[in-house]
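Next up, work-v8.txt (compact mmCIF, C-alpha atoms and all ligand atoms):
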# COMPACT_ATOMS: atom_id res chain seq x y z
CA MET A 1 -13.71 -13.43 -7.14
CA LEU A 2 -17.58 -13.33 -7.17
CA ASN A 3 -19.98 -16.27 -7.23
CA SER A 4 -22.93 -14.39 -8.74
CA PRO A 5 -23.25 -11.45 -11.16
CA LEU A 6 -23.45 -7.86 -10.00
CA SER A 7 -26.88 -6.27 -9.84
CA PRO A 8 -27.58 -3.61 -12.51
CA SER A 9 -27.25 -0.81 -9.95
CA SER A 10 -23.92 -2.13 -8.65
CA THR A 11 -22.70 -2.50 -12.23
CA GLU A 12 -23.53 1.13 -12.82
CA LEU A 13 -21.66 2.11 -9.65
CA VAL A 14 -18.55 0.26 -10.85
CA ILE A 15 -18.71 2.10 -14.17
CA ASN A 16 -19.07 5.45 -12.41
CA VAL A 17 -16.13 4.71 -10.12
CA LEU A 18 -13.95 3.68 -13.08
CA ASP A 19 -14.97 6.73 -15.04
CA MET A 20 -14.04 9.05 -12.18
CA VAL A 21 -10.61 7.41 -11.86
CA LEU A 22 -9.86 7.22 -15.57
CA SER A 23 -11.45 10.39 -16.95
CA GLU A 24 -10.99 12.72 -14.01
CA GLY A 25 -7.74 11.24 -12.67
CA LYS A 26 -9.17 10.87 -9.15
CA PRO A 27 -7.63 8.31 -6.74
CA LEU A 28 -9.68 5.13 -6.35
CA ASP A 29 -10.47 5.60 -2.66
CA ARG A 30 -11.76 9.12 -3.39
CA ALA A 31 -13.99 7.74 -6.17
CA TYR A 32 -15.38 5.11 -3.77
CA SER A 33 -16.19 7.61 -1.06
CA HIS A 34 -17.78 9.98 -3.58
CA HIS A 35 -20.04 7.32 -5.08
CA PHE A 36 -20.84 5.42 -1.88
CA SER A 37 -21.71 8.45 0.23
CA GLY A 38 -25.42 8.74 0.94
CA LEU A 39 -26.13 5.19 -0.26
CA GLN A 40 -27.21 2.60 2.27
CA LEU A 41 -25.23 -0.24 0.72
CA ALA A 42 -24.87 -3.47 2.67
CA PRO A 43 -21.19 -4.05 3.55
CA SER A 44 -21.22 -7.27 1.49
CA GLU A 45 -22.49 -5.43 -1.63
CA GLN A 46 -19.97 -2.66 -1.12
CA ALA A 47 -17.28 -5.32 -0.88
CA ARG A 48 -18.46 -6.91 -4.16
CA ILE A 49 -18.31 -3.54 -5.93
CA THR A 50 -14.78 -2.86 -4.70
CA VAL A 51 -13.70 -6.38 -5.68
CA VAL A 52 -14.88 -5.82 -9.26
CA ALA A 53 -13.61 -2.24 -9.66
CA GLY A 54 -10.26 -3.22 -8.10
CA ASP A 55 -9.88 -6.25 -10.34
CA ILE A 56 -10.75 -4.25 -13.45
CA LEU A 57 -8.14 -1.62 -12.57
CA ARG A 58 -5.52 -4.28 -11.85
CA ARG A 59 -5.95 -5.65 -15.39
CA LEU A 60 -7.49 -2.67 -17.12
CA ASN A 61 -5.58 -3.00 -20.39
CA LEU A 62 -6.59 -6.66 -20.61
CA TYR A 63 -10.31 -6.05 -20.08
CA CYS A 64 -10.21 -3.02 -22.41
CA TYR A 65 -8.54 -5.13 -25.08
CA LEU A 66 -11.03 -7.98 -24.68
CA SER A 67 -14.03 -5.64 -24.88
CA ASP A 68 -12.49 -3.26 -27.43
CA VAL A 69 -13.15 -0.28 -25.16
CA LYS A 70 -10.68 2.57 -24.62
CA PHE A 71 -9.82 3.79 -21.10
CA GLU A 72 -11.40 7.17 -21.75
CA GLU A 73 -14.65 5.65 -23.09
CA MET A 74 -15.77 4.23 -19.77
CA SER A 75 -18.95 6.29 -19.31
CA ARG A 76 -20.17 5.52 -22.87
CA MET A 77 -18.89 1.96 -23.35
CA GLY A 78 -18.47 0.72 -19.78
CA THR A 79 -21.47 -1.63 -19.99
CA ARG A 80 -19.66 -3.70 -22.63
CA LEU A 81 -16.51 -3.85 -20.51
CA LEU A 82 -18.57 -4.99 -17.52
CA ASN A 83 -20.26 -7.67 -19.63
CA VAL A 84 -16.83 -8.86 -20.75
CA TRP A 85 -15.63 -8.89 -17.15
CA HIS A 86 -18.51 -11.24 -16.24
CA LEU A 87 -17.82 -13.44 -19.26
CA PHE A 88 -14.13 -13.64 -18.37
CA HIS A 89 -15.01 -14.78 -14.84
CA GLU A 90 -17.58 -17.27 -16.16
CA LEU A 91 -20.54 -15.50 -14.56
CA ASP A 92 -23.97 -14.81 -16.03
CA LEU A 93 -24.15 -11.29 -17.44
CA PRO A 94 -25.65 -8.59 -15.21
CA LYS A 95 -29.21 -7.78 -16.20
CA MET A 96 -28.61 -4.21 -17.33
CA GLN A 97 -31.40 -2.66 -19.36
CA TYR A 98 -29.35 -0.70 -21.89
CA ALA A 99 -26.07 -2.57 -22.09
CA LEU A 100 -23.78 -2.81 -25.10
CA GLN A 101 -23.62 -6.45 -26.08
CA VAL A 102 -20.49 -8.53 -26.56
CA ASP A 103 -19.69 -10.23 -29.84
CA GLU A 104 -18.71 -13.59 -28.33
CA LYS A 105 -16.70 -14.81 -31.32
CA GLU A 106 -14.65 -11.63 -31.31
CA TYR A 107 -14.23 -11.95 -27.53
CA PHE A 108 -12.91 -15.53 -27.70
CA ASP A 109 -10.52 -14.63 -30.54
CA ARG A 110 -9.13 -11.78 -28.50
CA LEU A 111 -8.91 -13.99 -25.41
CA GLU A 112 -6.65 -16.45 -27.25
CA LYS A 113 -4.42 -13.62 -28.49
CA ALA A 114 -4.21 -12.08 -25.00
CA LYS A 115 -3.08 -15.40 -23.49
CA ALA A 116 0.03 -15.18 -25.66
CA GLN A 117 0.96 -11.75 -24.24
CA PRO A 118 2.02 -12.21 -20.60
CA ALA A 119 2.33 -8.52 -19.73
CA LEU A 120 -1.14 -7.77 -21.11
CA TRP A 121 -2.50 -10.83 -19.30
CA ASP A 122 -1.08 -9.49 -16.02
CA GLY A 123 -2.55 -6.02 -16.62
CA CYS A 124 0.84 -4.38 -16.90
CA PRO A 125 1.37 -1.12 -18.81
CA GLU A 126 4.23 -1.26 -21.32
CA TRP A 127 6.42 1.30 -19.54
CA LEU A 128 6.17 -0.67 -16.29
CA ASP A 129 6.95 -3.97 -17.99
CA THR A 130 10.07 -2.47 -19.58
CA MET A 131 11.16 -1.06 -16.23
CA GLY A 132 10.48 -4.27 -14.29
CA GLN A 133 12.31 -6.34 -16.86
CA ALA A 134 15.34 -4.02 -16.81
CA GLN A 135 15.52 -3.87 -13.01
CA LEU A 136 14.49 -7.34 -11.88
CA GLY A 137 15.30 -9.52 -14.91
CA GLU A 138 13.93 -13.04 -14.53
CA ALA A 139 12.31 -12.30 -11.16
CA TRP A 140 10.00 -9.72 -12.75
CA ALA A 141 7.48 -12.11 -14.35
CA LYS A 142 6.35 -13.61 -11.03
CA GLU A 143 6.18 -10.19 -9.34
CA ARG A 144 4.17 -8.82 -12.27
CA ALA A 145 1.72 -11.70 -12.02
CA ALA A 146 1.43 -11.34 -8.24
CA LEU A 147 0.74 -7.61 -8.58
CA SER A 148 -2.37 -8.41 -10.62
CA THR A 149 -3.99 -10.44 -7.83
CA GLN A 150 -6.53 -9.31 -5.28
CA PRO A 151 -4.90 -8.06 -2.05
CA LYS A 152 -5.89 -9.58 1.27
CA ARG A 153 -7.09 -7.49 4.18
CA TYR A 154 -4.78 -7.39 7.18
CA LEU A 155 -5.08 -5.86 10.62
CA ARG A 156 -2.35 -4.95 13.07
CA VAL A 157 -3.28 -5.61 16.65
CA ASN A 158 -2.56 -2.68 18.95
CA LEU A 159 -0.54 -4.35 21.71
CA LEU A 160 -1.03 -1.25 23.84
CA LYS A 161 -4.66 -2.32 24.22
CA CYS A 162 -4.97 -6.07 23.71
CA THR A 163 -3.34 -9.27 22.50
CA ARG A 164 -3.84 -10.81 19.06
CA GLU A 165 -5.94 -13.60 20.59
CA GLU A 166 -8.16 -11.12 22.44
CA LEU A 167 -8.66 -9.10 19.27
CA GLY A 168 -9.55 -12.19 17.22
CA LYS A 169 -12.12 -13.22 19.85
CA LYS A 170 -13.65 -9.76 20.15
CA LEU A 171 -13.94 -9.42 16.38
CA ARG A 172 -15.60 -12.83 16.13
CA ASN A 173 -18.27 -11.54 18.52
CA GLU A 174 -18.70 -8.60 16.15
CA GLN A 175 -19.19 -10.97 13.17
CA VAL A 176 -15.72 -10.33 11.72
CA GLN A 177 -13.83 -13.53 10.90
CA THR A 178 -10.04 -13.44 11.02
CA LYS A 179 -7.07 -15.77 11.08
CA GLU A 180 -3.55 -15.35 12.41
CA VAL A 181 -0.79 -14.64 9.89
CA GLU A 182 2.17 -16.95 10.18
CA GLY A 183 5.48 -15.15 10.57
CA VAL A 184 3.92 -11.78 11.44
CA ASP A 185 3.11 -11.81 15.16
CA THR A 186 1.01 -8.64 15.11
CA ALA A 187 -1.14 -9.49 12.07
CA LEU A 188 -4.61 -10.93 11.53
CA GLU A 189 -6.02 -11.60 8.08
CA VAL A 190 -9.69 -10.67 7.69
CA THR A 191 -11.54 -13.49 5.96
CA SER A 192 -15.10 -12.10 5.96
CA ASP A 193 -16.58 -9.12 4.07
CA SER A 194 -17.31 -7.20 7.24
CA ALA A 195 -17.31 -3.43 7.69
CA LEU A 196 -14.26 -3.14 9.93
CA PHE A 197 -14.42 0.52 10.80
CA ARG A 198 -17.89 0.28 12.30
CA THR A 199 -16.77 -2.24 14.91
CA GLU A 200 -16.36 -1.35 18.55
CA SER A 201 -12.87 -2.90 18.42
CA PHE A 202 -11.83 -0.28 15.87
CA LYS A 203 -13.46 2.62 17.70
CA LYS A 204 -11.64 1.54 20.87
CA GLY A 205 -8.31 1.52 19.03
CA TRP A 206 -7.68 -2.23 19.28
CA PHE A 207 -6.44 -2.44 15.70
CA GLU A 208 -5.42 -0.58 12.56
CA GLN A 209 -5.76 -1.83 9.01
CA GLN A 210 -2.19 -2.35 7.80
CA ASP A 211 -0.65 -4.70 5.28
CA ALA A 212 1.38 -7.52 6.84
CA GLY A 213 4.47 -6.50 4.82
CA SER A 214 4.25 -2.99 6.24
CA GLN A 215 4.02 -4.54 9.72
CA LEU A 216 7.24 -6.45 9.03
CA VAL A 217 9.01 -3.19 8.13
CA ALA A 218 7.84 -1.55 11.37
CA THR A 219 8.89 -4.60 13.40
CA ALA A 220 12.39 -4.36 11.89
CA VAL A 221 12.82 -0.99 13.64
CA ASP A 222 13.12 -3.05 16.83
CA ALA A 223 12.36 -0.08 19.06
CA LYS A 224 12.69 -0.72 22.80
CA PRO A 225 10.93 1.00 25.70
CA GLY A 226 12.89 4.08 26.78
CA MET A 227 14.62 4.68 23.45
CA ARG A 228 14.63 7.87 21.38
CA VAL A 229 13.13 7.00 18.02
CA ILE A 230 12.48 9.16 14.97
CA ASP A 231 10.08 8.20 12.19
CA ALA A 232 11.15 10.86 9.71
CA CYS A 233 8.68 10.26 6.86
CA ALA A 234 5.80 9.29 9.10
CA GLY A 235 2.84 10.30 6.93
CA ALA A 236 -0.38 9.50 8.77
CA GLY A 237 1.55 7.15 11.02
CA GLY A 238 0.95 3.58 9.85
CA LYS A 239 4.40 2.56 11.05
CA THR A 240 4.65 5.14 13.86
CA LEU A 241 1.76 3.50 15.70
CA SER A 242 3.34 0.11 15.34
CA ILE A 243 6.64 1.44 16.71
CA ALA A 244 4.74 3.08 19.61
CA SER A 245 3.37 -0.28 20.62
CA GLN A 246 6.88 -1.82 20.51
CA MET A 247 7.95 0.93 22.93
CA GLN A 248 5.04 0.20 25.31
CA GLY A 249 4.48 3.93 25.73
CA LYS A 250 7.96 4.48 27.23
CA GLY A 251 10.63 6.68 25.66
CA ARG A 252 10.30 9.32 22.97
CA LEU A 253 8.88 8.78 19.51
CA LEU A 254 9.13 11.73 17.15
CA ALA A 255 7.00 11.51 14.00
CA MET A 256 7.99 13.94 11.26
CA ASP A 257 6.77 14.75 7.77
CA VAL A 258 6.60 17.66 5.33
CA GLU A 259 2.79 17.56 5.25
CA GLN A 260 0.98 18.91 8.31
CA TRP A 261 -2.40 17.34 7.41
CA LYS A 262 -0.85 13.89 7.57
CA LEU A 263 0.63 14.61 10.99
CA ASP A 264 -2.77 15.89 12.16
CA SER A 265 -4.35 12.62 11.15
CA LEU A 266 -1.49 10.76 12.88
CA LYS A 267 -2.19 12.64 16.14
CA GLN A 268 -5.82 11.58 16.04
CA ARG A 269 -4.93 7.95 15.41
CA ALA A 270 -2.30 8.05 18.17
CA ARG A 271 -4.91 9.27 20.66
CA ARG A 272 -7.28 6.45 19.74
CA ALA A 273 -4.44 3.93 20.04
CA ASN A 274 -3.26 5.18 23.48
CA ALA A 275 0.14 5.93 21.95
CA HIS A 276 0.98 8.70 24.39
CA ASN A 277 4.71 8.95 23.69
CA VAL A 278 4.23 10.12 20.09
CA GLU A 279 5.17 13.71 19.33
CA THR A 280 4.73 15.20 15.85
CA ARG A 281 6.94 17.78 14.15
CA ILE A 282 6.67 19.32 10.71
CA ILE A 283 9.92 19.45 8.71
CA ALA A 284 9.94 23.12 7.81
CA SER A 285 13.54 23.35 6.62
CA SER A 286 16.89 21.58 6.87
CA LYS A 287 17.29 23.19 10.31
CA THR A 288 14.61 20.88 11.74
CA ILE A 289 16.87 17.95 10.88
CA LYS A 290 20.15 19.63 11.92
CA ARG A 291 18.80 20.31 15.41
CA LEU A 292 18.34 16.57 15.93
CA LYS A 293 21.91 15.68 14.95
CA LEU A 294 23.21 12.45 16.55
CA SER A 295 20.15 12.22 18.80
CA ALA A 296 18.29 9.01 18.02
CA ASP A 297 18.70 5.32 18.81
CA ARG A 298 16.56 4.46 15.79
CA VAL A 299 15.70 6.48 12.70
CA LEU A 300 13.16 5.10 10.26
CA LEU A 301 13.30 6.58 6.76
CA ASP A 302 10.17 5.23 5.06
CA VAL A 303 10.95 7.38 2.06
CA PRO A 304 8.61 8.63 -0.68
CA CYS A 305 8.82 6.06 -3.46
CA SER A 306 7.21 4.82 -6.66
CA GLY A 307 4.82 2.56 -4.71
CA LEU A 308 5.40 -0.16 -7.28
CA GLY A 309 5.28 -2.80 -4.54
CA VAL A 310 1.73 -1.88 -3.54
CA LEU A 311 0.01 -1.86 -6.93
CA LYS A 312 -2.37 -4.67 -5.91
CA ARG A 313 -3.84 -2.28 -3.40
CA ASN A 314 -3.50 0.92 -5.46
CA PRO A 315 -4.06 -0.36 -9.01
CA ASP A 316 -5.21 3.04 -10.28
CA ALA A 317 -1.65 4.37 -9.79
CA LYS A 318 -0.19 2.41 -12.70
CA TRP A 319 -2.58 4.12 -15.14
CA ARG A 320 -1.68 7.57 -13.82
CA ASP A 321 2.06 7.14 -13.33
CA THR A 322 4.80 7.58 -15.88
CA PRO A 323 8.39 6.29 -15.91
CA GLU A 324 9.64 9.90 -15.74
CA ARG A 325 8.65 10.07 -12.06
CA LEU A 326 11.19 7.46 -10.94
CA PRO A 327 14.44 9.48 -11.38
CA VAL A 328 12.89 12.37 -9.48
CA LEU A 329 12.00 10.08 -6.59
CA VAL A 330 15.43 8.45 -6.63
CA GLU A 331 17.06 11.89 -6.21
CA LEU A 332 14.74 12.77 -3.32
CA GLN A 333 15.47 9.41 -1.62
CA LYS A 334 19.21 10.05 -2.00
CA HIS A 335 18.84 13.47 -0.42
CA ILE A 336 16.75 12.14 2.49
CA LEU A 337 19.24 9.34 3.18
CA GLN A 338 22.24 11.71 3.16
CA SER A 339 20.65 14.43 5.20
CA TYR A 340 18.37 12.60 7.67
CA SER A 341 20.94 9.92 8.53
CA ARG A 342 22.66 12.67 10.57
CA MET A 343 20.00 12.18 13.24
CA VAL A 344 21.24 8.67 14.16
CA LYS A 345 23.56 8.60 17.16
CA VAL A 346 26.71 6.47 17.31
CA GLY A 347 25.62 2.87 17.93
CA GLY A 348 22.13 3.74 16.70
CA ILE A 349 20.36 2.10 13.76
CA LEU A 350 19.08 3.62 10.55
CA ILE A 351 16.24 1.74 8.87
CA TYR A 352 15.68 2.68 5.23
CA ALA A 353 12.44 1.41 3.71
CA THR A 354 10.33 1.69 0.56
CA CYS A 355 7.12 0.13 -0.72
CA SER A 356 8.85 -0.49 -4.03
CA ILE A 357 10.36 -3.66 -5.45
CA MET A 358 12.73 -1.84 -7.82
CA PRO A 359 16.45 -2.16 -6.90
CA GLU A 360 17.11 1.42 -8.07
CA GLU A 361 15.07 2.68 -5.10
CA ASN A 362 16.31 -0.04 -2.78
CA ARG A 363 19.67 -1.81 -2.60
CA ASP A 364 21.24 0.51 -5.19
CA GLN A 365 20.47 3.47 -2.94
CA ILE A 366 22.02 1.75 0.06
CA ASP A 367 25.16 0.75 -1.87
CA ALA A 368 25.61 4.31 -3.16
CA PHE A 369 25.09 5.74 0.34
CA LEU A 370 27.59 3.36 1.94
CA ALA A 371 30.17 4.04 -0.76
CA GLU A 372 30.13 7.73 0.20
CA ASN A 373 29.61 7.38 3.93
CA GLU A 374 32.14 5.63 6.15
CA HIS A 375 30.19 6.43 9.33
CA PHE A 376 27.69 3.65 8.67
CA LYS A 377 28.02 -0.11 8.53
CA PHE A 378 25.60 -2.40 6.66
CA ILE A 379 23.79 -4.86 8.92
CA GLU A 380 21.17 -6.54 6.73
CA ASP A 381 18.46 -5.94 4.19
CA GLU A 382 15.29 -7.70 3.08
CA ASN A 383 13.21 -7.70 -0.06
CA ILE A 384 9.61 -8.48 0.80
CA SER A 385 8.51 -10.01 -2.49
CA VAL A 386 4.87 -9.74 -3.53
CA ALA A 387 5.05 -13.14 -5.17
CA ASP A 388 6.78 -14.98 -2.32
CA SER A 389 5.04 -13.37 0.66
CA GLY A 390 1.53 -12.71 -0.68
CA PHE A 391 1.82 -9.32 1.08
CA ASP A 392 2.51 -5.95 -0.50
CA GLY A 393 6.09 -5.55 -1.71
CA PHE A 394 8.60 -3.70 0.48
CA TYR A 395 12.31 -3.26 0.93
CA LEU A 396 14.14 -2.54 4.15
CA ALA A 397 17.80 -2.08 5.03
CA LYS A 398 19.40 -1.69 8.45
CA LEU A 399 22.60 0.31 8.90
CA GLU A 400 24.49 1.05 12.12
CA ARG A 401 26.24 4.35 12.77
CA ILE A 402 29.77 3.46 13.84
CA SER A 403 31.28 6.95 14.12
CA GLU A 404 30.48 10.66 14.13
C1 LIG B 1 5.91 6.12 2.06
S1 LIG B 1 5.14 7.50 2.71
C2 LIG B 1 5.18 7.18 4.43
C3 LIG B 1 4.18 6.20 4.93
C4 LIG B 1 4.15 6.09 6.42
N1 LIG B 1 5.46 5.87 7.00
C5 LIG B 1 3.24 4.98 6.86
O1 LIG B 1 3.69 3.90 7.25
O2 LIG B 1 2.01 5.21 6.83
C6 LIG B 1 6.37 8.73 2.56
C7 LIG B 1 6.09 10.00 3.31
O3 LIG B 1 7.20 10.87 3.11
C8 LIG B 1 6.73 12.20 3.15
N2 LIG B 1 7.77 13.05 2.55
C9 LIG B 1 7.90 13.50 1.28
N3 LIG B 1 9.02 14.26 1.17
C10 LIG B 1 9.60 14.28 2.38
C11 LIG B 1 10.75 14.89 2.91
N4 LIG B 1 11.56 15.63 2.18
N5 LIG B 1 11.03 14.70 4.22
C12 LIG B 1 10.22 13.95 5.00
N6 LIG B 1 9.12 13.34 4.56
C13 LIG B 1 8.81 13.51 3.27
C14 LIG B 1 5.41 12.14 2.41
O4 LIG B 1 4.57 13.21 2.77
C15 LIG B 1 4.86 10.78 2.85
O5 LIG B 1 3.99 10.93 3.94
Please rewrite the model in this file as structure tokens.
Ligand SMILES: C[S@@+](CC[C@H](N)C(=O)[O-])C[C@H]1O[C@@H](n2cnc3c(N)ncnc32)[C@H](O)[C@@H]1O
Amino acid sequence: MLNSPLSPSSTELVINVLDMVLSEGKPLDRAYSHHFSGLQLAPSEQARITVVAGDILRRLNLYCYLSDVKFEEMSRMGTRLLNVWHLFHELDLPKMQYALQVDEKEYFDRLEKAKAQPALWDGCPEWLDTMGQAQLGEAWAKERAALSTQPKRYLRVNLLKCTREELGKKLRNEQVQTKEVEGVDTALEVTSDSALFRTESFKKGWFEQQDAGSQLVATAVDAKPGMRVIDACAGAGGKTLSIASQMQGKGRLLAMDVEQWKLDSLKQRARRANAHNVETRIIASSKTIKRLKLSADRVLLDVPCSGLGVLKRNPDAKWRDTPERLPVLVELQKHILQSYSRMVKVGGILIYATCSIMPEENRDQIDAFLAENEHFKFIEDENISVADSGFDGFYLAKLERISE
């Protein structure tokens, strides 16, 4: 975690970030950019602040319990929570001038009680623990624990511009230390606290930051040069760019979404990456899909989902989300599968993916789709487990269209 306490000013920044997320409901990355803008923080100090804020959000209920602070009291009581965080990680307390002190006896009593409550220990809200237990049974406990750990930073090498070895070497010259990720040919893990986006390698489009699990999903598309490929829920193009590099710039890659601003950002990233065969198209109505009937060799449906596989990276989501959102998402996923699968041509492959680890969004969807749809044959699926892989959690299934 850290090997020395935060400075008083960094402690205050952490409290402000937490307050913005918890009281104003702002996403964590927005709170960081708001509070970091205009400050000349060294990249290493910025990294320390994000490590602490991220860890607190991953186990917010635990730290709140240990410090007897409520989520909504962060601006008034945050100094006590931060003191408890330091105590928990066996660090000296930060030297804040006006901090609320910790009653150490009370803290150690609470610590013992917390150890006997695994879900609290893993920073899991009750609704999520109930859901995980119901959907994953015995496998849930290890996923829950893994979701409370600090995520690693991964890069995807842009093979349109360089090899993984070349990227590693260039980054080393720019004081960024990396190591190759076993089993994911396109991935490097960043092992230093460097500011990645200021590097020349980034500006030249040699890499994108992308979790290794997400890279595995994109690799499963297995797009070949010359194919017609559709990425139908492309967002800002994390997977589109990876598919573009599989295609070596040859063939047609159509990136679609319902949000134009995401496609605009995708276009910009595609230019930087030299991904010239990417075309974007907004999904304005069902006609956009109908016009592409039976047209694609590969269709990736990286559907909107609960994001419960990526909570290490987006820990603020579990304090905003509610269980009521899941059935709505499941219906939308069902609709997308039914409707967008029409774009796959006979002999073509449909790849369904989520960044969730819940079977209801994953294999259950595929089983229900296949039960109603004789035109597709199941090829394989994969659960990318947070606990087993160390990456974010994903699901992917591959289906082949066998008839019109
Ligand atoms: C999981 S995200 C995609 C992430 C993206 N593939 C990536 O790798 O960066 C799901 C995307 O689906 C889009 N979406 C939501 N409803 C949709 C719909 N009905 N049709 C197509 N895309 C939709 C969202 O805007 C969002 O960008």
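Taking CA of Lys26 in chain A and CA of Leu120 in chain A as the two end points, the separation is 23.6 Å.
Near range 92-101 of chain A, within 9 Å and counting all atoms listed in the file, sit Ser4, Pro5, Leu6, Ser7, Pro8, Ser9, Thr11, Glu12, Met77, Gly78, Thr79, Arg80, Leu81, Leu82, Asn83, Val84, Trp85, His86, Leu87 and Glu104 of chain A; same-chain residues fewer than 3 positions away were not included.
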At a cut-off of 9 Å and counting only C-alpha atoms and all ligand atoms, what residues surround ligand LIG 1 (chain B)? Please answer as a PyMOL selection string. chain A and resi 210+214-215+217-218+231-242+256-260+262-263+266+282-283+300-307+332-333+335-336+340+353-355
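You will find CA of Asp321 in chain A at 20.2 Å from CA of Pro151 in chain A.
From CA of Val52 in chain A back to CA of Ser23 in chain A, the distance works out to 18.3 Å.
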Just the residues within 8 Å of range 36-46 of chain A, please, counting only C-alpha atoms, with nothing from its chain fewer than 5 positions along; format it as a short mmCIF file (atom, residue, chain, number, x, y, z; two decimals) with C-alpha atoms, in the coordinates of the input.
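Saved file result16.cif follows:
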data_model
loop_
_atom_site.label_atom_id
_atom_site.label_comp_id
_atom_site.auth_asym_id
_atom_site.auth_seq_id
_atom_site.Cartn_x
_atom_site.Cartn_y
_atom_site.Cartn_z
CA SER A 10 -23.92 -2.13 -8.65
CA ASP A 193 -16.58 -9.12 4.07
CA SER A 194 -17.31 -7.20 7.24
CA ALA A 195 -17.31 -3.43 7.69
#
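For the choices A:Ser341, A:Gln150, A:Thr50, A:Thr199, the atom-to-atom distance to Leu28 in chain A is smallest for A:Thr50 when using all atoms listed in the file.
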Counting all atoms listed in the file, which residues sit no farther than 8 Å from the position (-15.6, -17.1, -12.4) in the file's frame? I'd like them as a PDB file with C-alpha atoms, in the coordinates of the input.
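So the final result, stored in point_22.pdb, reads:
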ATOM      1  CA  MET A   1     -13.710 -13.430  -7.140  1.00  0.00           C
ATOM      2  CA  LEU A   2     -17.580 -13.330  -7.170  1.00  0.00           C
ATOM      3  CA  ASN A   3     -19.980 -16.270  -7.230  1.00  0.00           C
ATOM      4  CA  HIS A  86     -18.510 -11.240 -16.240  1.00  0.00           C
ATOM      5  CA  PHE A  88     -14.130 -13.640 -18.370  1.00  0.00           C
ATOM      6  CA  HIS A  89     -15.010 -14.780 -14.840  1.00  0.00           C
ATOM      7  CA  GLU A  90     -17.580 -17.270 -16.160  1.00  0.00           C
ATOM      8  CA  LEU A  91     -20.540 -15.500 -14.560  1.00  0.00           C
TER       9      LEU A  91
END
List the spatial neighbours of Leu254 in chain A as an NGL selection string - criterion: any atom at most 7 Å away, only C-alpha atoms, same-chain residues fewer than 2 positions off excluded. :A and (229-231 or 252 or 256 or 278-280)
Keeping only C-alpha atoms, take the residues you just selected and write them out as a compact mmCIF listing (two decimals), in the coordinates of the input.
# COMPACT_ATOMS: atom_id res chain seq x y z
CA VAL A 229 13.13 7.00 18.02
CA ILE A 230 12.48 9.16 14.97
CA ASP A 231 10.08 8.20 12.19
CA ARG A 252 10.30 9.32 22.97
CA MET A 256 7.99 13.94 11.26
CA VAL A 278 4.23 10.12 20.09
CA GLU A 279 5.17 13.71 19.33
CA THR A 280 4.73 15.20 15.85
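With distances restricted to only C-alpha atoms, A:Lys345 is the closest residue to Lys293 in chain A from A:Lys152, A:Lys345, A:Lys170, A:Lys161.
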